[in-house]
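A.B. asks: What follows is final_4.txt, made up of compact mmCIF, C-alpha atoms:
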# COMPACT_ATOMS: atom_id res chain seq x y z
CA MET A 14 87.26 128.10 113.74
CA LYS A 15 86.82 128.52 117.52
CA LYS A 16 83.74 126.31 117.42
CA TYR A 17 85.73 123.46 115.85
CA THR A 18 88.63 123.93 118.27
CA LEU A 19 86.26 123.72 121.25
CA LEU A 20 84.56 120.65 119.76
CA LEU A 21 87.95 118.96 119.26
CA ILE A 22 88.98 119.73 122.85
CA ALA A 23 85.67 118.34 124.17
CA VAL A 24 86.09 115.14 122.13
CA LEU A 25 89.69 114.67 123.31
CA ILE A 26 88.70 115.18 126.95
CA SER A 27 85.85 112.67 126.68
CA ILE A 28 88.08 110.12 124.94
CA SER A 29 90.76 110.60 127.59
CA SER A 30 88.24 110.19 130.40
CA PHE A 31 86.69 107.11 128.80
CA SER A 32 89.99 105.38 128.06
CA GLN A 33 91.32 105.86 131.59
CA GLU A 34 88.30 104.57 133.50
CA GLU A 35 89.15 101.92 136.05
CA LYS A 36 88.33 98.38 135.05
CA THR A 37 86.09 96.94 137.74
CA GLU A 38 84.96 93.57 136.43
CA SER A 39 87.21 90.82 135.07
CA LYS A 40 85.91 88.92 132.06
CA TRP A 41 89.31 87.50 131.20
CA VAL A 42 89.46 83.79 130.51
CA PRO A 43 92.85 82.16 131.22
CA ARG A 44 94.64 81.10 128.04
CA ASP A 45 98.11 80.69 126.60
CA PRO A 46 99.83 83.78 125.17
CA GLN A 47 99.48 84.09 121.41
CA LYS A 48 102.48 84.01 119.05
CA PHE A 49 102.87 84.32 115.29
CA GLU A 50 106.01 83.78 113.20
CA THR A 51 106.88 84.30 109.52
CA THR A 52 110.10 84.44 107.49
CA HIS A 53 111.03 87.24 105.08
CA SER A 54 113.98 88.68 103.20
CA GLY A 55 114.99 92.12 102.04
CA THR A 56 117.90 94.35 101.19
CA PHE A 57 118.88 96.69 104.00
CA ASN A 58 121.74 99.16 103.63
CA GLY A 59 122.97 97.14 100.65
CA GLN A 60 122.89 93.72 102.35
CA LYS A 61 120.50 90.92 101.35
CA ILE A 62 119.09 89.68 104.67
CA THR A 63 116.73 86.87 105.68
CA TYR A 64 114.86 87.54 108.91
CA LYS A 65 112.08 86.19 111.08
CA ALA A 66 109.14 88.35 112.06
CA LEU A 67 107.76 87.36 115.47
CA VAL A 68 104.61 88.88 116.92
CA GLY A 69 103.91 87.74 120.43
CA GLU A 70 102.01 88.40 123.60
CA THR A 71 103.49 88.44 127.10
CA PHE A 72 101.24 88.33 130.14
CA LEU A 73 102.15 90.75 132.91
CA LYS A 74 101.32 89.46 136.39
CA ASN A 75 101.00 90.88 139.89
CA SER A 76 102.76 89.51 143.00
CA LYS A 77 100.02 86.86 143.35
CA GLY A 78 100.68 85.55 139.84
CA GLU A 79 97.41 86.94 138.47
CA VAL A 80 97.37 88.39 134.96
CA THR A 81 97.08 92.19 134.93
CA GLY A 82 97.97 92.98 131.32
CA SER A 83 98.71 91.65 127.88
CA LEU A 84 101.87 93.20 126.39
CA TRP A 85 102.43 92.72 122.65
CA SER A 86 105.70 93.03 120.77
CA THR A 87 106.91 92.60 117.20
CA SER A 88 110.47 91.41 116.65
CA TYR A 89 112.59 91.19 113.52
CA ILE A 90 115.47 88.76 114.01
CA ARG A 91 118.19 88.33 111.39
CA GLU A 92 118.86 84.71 110.44
CA GLY A 93 122.26 83.17 109.66
CA VAL A 94 124.25 85.15 112.25
CA ASP A 95 125.45 84.43 115.79
CA SER A 96 122.59 85.87 117.85
CA SER A 97 124.68 85.77 121.05
CA LYS A 98 126.90 88.53 119.62
CA ARG A 99 124.19 90.55 117.90
CA PRO A 100 122.79 93.76 119.43
CA VAL A 101 119.07 94.27 119.95
CA LEU A 102 117.32 97.63 119.58
CA PHE A 103 114.17 97.98 121.72
CA ILE A 104 111.69 100.50 120.34
CA PHE A 105 108.77 101.54 122.54
CA ASN A 106 105.80 102.49 120.40
CA GLY A 107 103.26 105.17 121.24
CA GLY A 108 101.48 105.53 124.53
CA PRO A 109 97.92 106.00 125.70
CA GLY A 110 96.37 108.32 123.15
CA SER A 111 99.28 107.97 120.73
CA ALA A 112 99.29 105.42 117.92
CA SER A 113 101.85 102.64 118.14
CA ILE A 114 102.06 102.07 114.42
CA TRP A 115 104.10 105.02 113.13
CA LEU A 116 107.51 104.18 114.60
CA HIS A 117 107.02 100.74 113.12
CA VAL A 118 105.64 101.37 109.62
CA GLY A 119 106.66 104.99 109.39
CA PHE A 120 110.37 104.77 110.12
CA PHE A 121 112.14 101.79 111.77
CA GLY A 122 110.42 98.67 110.40
CA PRO A 123 111.64 96.59 107.44
CA LYS A 124 108.59 97.78 105.47
CA VAL A 125 107.24 101.30 105.68
CA VAL A 126 104.29 103.27 104.37
CA LYS A 127 105.19 105.20 101.24
CA THR A 128 104.14 108.82 101.64
CA ASP A 129 104.69 111.91 99.55
CA SER A 130 107.78 113.55 101.06
CA GLU A 131 106.75 116.96 99.72
CA ALA A 132 103.35 116.64 101.44
CA LYS A 133 101.62 117.64 98.20
CA VAL A 134 99.25 114.71 98.43
CA ASP A 135 97.12 113.75 101.43
CA ASP A 136 99.29 111.07 103.07
CA GLY A 137 96.78 110.27 105.81
CA ALA A 138 94.25 108.42 103.70
CA ALA A 139 94.17 104.71 102.92
CA PRO A 140 94.94 102.68 100.95
CA TYR A 141 98.57 102.70 101.99
CA ARG A 142 101.36 101.34 99.84
CA PHE A 143 104.10 99.49 101.72
CA VAL A 144 107.66 99.48 100.43
CA GLU A 145 110.87 97.90 101.63
CA ASN A 146 112.69 100.19 104.04
CA THR A 147 116.20 100.00 102.58
CA GLN A 148 117.49 102.01 105.56
CA ALA A 149 116.09 99.68 108.24
CA LEU A 150 118.74 98.70 110.77
CA LEU A 151 118.48 94.91 110.31
CA ASP A 152 122.01 94.81 108.88
CA ILE A 153 123.43 95.86 112.28
CA THR A 154 120.82 95.00 114.93
CA ASP A 155 117.69 92.97 115.59
CA LEU A 156 114.58 95.07 116.24
CA VAL A 157 111.97 94.64 118.97
CA PHE A 158 108.92 96.94 118.88
CA ILE A 159 107.09 97.03 122.22
CA ASP A 160 103.57 98.39 122.46
CA PRO A 161 102.93 99.76 125.98
CA ILE A 162 99.61 98.93 127.62
CA GLY A 163 96.93 101.00 125.90
CA THR A 164 98.59 100.96 122.46
CA GLY A 165 98.42 98.48 119.60
CA PHE A 166 97.06 95.17 120.90
CA SER A 167 98.51 95.66 124.41
CA GLN A 168 95.80 96.12 126.98
CA VAL A 169 94.74 95.73 130.58
CA GLU A 170 93.62 92.14 131.22
CA GLY A 171 92.50 89.90 134.08
CA VAL A 172 92.55 91.62 137.47
CA GLY A 173 94.49 94.59 136.09
CA LYS A 174 93.39 98.23 136.28
CA THR A 175 94.45 101.13 134.09
CA SER A 176 96.05 102.73 137.17
CA ASP A 177 98.46 99.76 137.25
CA PHE A 178 99.96 101.05 133.99
CA TRP A 179 99.04 104.71 133.55
CA GLY A 180 99.88 107.47 135.95
CA LEU A 181 102.28 110.20 136.87
CA ASN A 182 104.84 108.01 138.70
Do you think you could lay out the structure here as structure tokens?

C.D. replies:
Amino acid sequence: MKKYTLLLIAVLISISSFSQEEKTESKWVPRDPQKFETTHSGTFNGQKITYKALVGETFLKNSKGEVTGSLWSTSYIREGVDSSKRPVLFIFNGGPGSASIWLHVGFFGPKVVKTDSEAKVDDGAAPYRFVENTQALLDITDLVFIDPIGTGFSQVEGVGKTSDFWGLN
């Protein structure tokens, strides 16, 4: 058991060191941010709701206007309501070394992974079955999932360095 624990620690340290290396060379080619949009419907807390799913990229820039990062977000926006009076819940997913997916498809999103609640079956293995999350909050608020740099598709880009986004301050 100790041998496996030491191996796991060594792997985690090497992954941590690798993922936090400073980026020294920019291979980024200027382009427009990407955006994807679809329309869906579901029943949430007893209400039939139509909503848009928006997945989009926002470029983060330094004081010179140079791109330093690509920040991705997924939004679920209810249709047919006055958006100027509707609250928005911002959910920050994961962090460096922590998956961004589980707040989204494990709890808050309109569709979630169906797992055995008694943990009698291995719930970590694919294929996953997605089901409508009848308790999702789309009846009362729009949802915006933000993946910090280093999680999901969000990453350091252009002239950016990991130290621009990761640190103790």

A.B. asks: Please measure the separation of CA of Asn75 (chain A) and CA of Ile159 (chain A), giving the value in Å to one decimal.

C.D. replies: 19.7 Å

A.B. asks: Counting only C-alpha atoms, figure out which residue out of A:Pro100, A:Gly69, A:Gly173, A:Gly180 gets nearest to Thr51 (chain A).

C.D. replies: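 Checking each candidate against Thr51 (chain A), we get A:Gly69 as the closest.
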
A.B. asks: Please tell me which residues are no farther than 10 Å from (110.2, 100.2, 127.5) in the file, counting all atoms listed in the file, and write them as a list in words.

C.D. replies: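 Within the cut-off we find Phe103, Ile104, Phe105, Asn106, Phe158, Ile159, Asp160 and Pro161 of chain A.
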
A.B. asks: Which residue is closest to Thr87 (chain A)? Choose from A:Ser176, A:Thr63, A:Ser113, A:Asn182 and count only C-alpha atoms.

C.D. replies: A:Ser113

A.B. asks: Can you work out the spacing between CA of Leu150 (chain A) and CA of Leu67 (chain A) in Å, to one decimal?

C.D. replies: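 Separation between CA of Leu150 (chain A) and CA of Leu67 (chain A): 16.5 Å.
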
A.B. asks: With distances taken over all atoms listed in the file, which residue among A:Val169, A:Phe178, A:Ile62, A:Thr164 lies nearest Gly107 (chain A)?

C.D. replies: A:Thr164

A.B. asks: Any idea what the distance is between CA of Asp177 (chain A) and CA of Gly165 (chain A)?

C.D. replies: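 Separating CA of Asp177 (chain A) from CA of Gly165 (chain A) is a distance of 17.7 Å.
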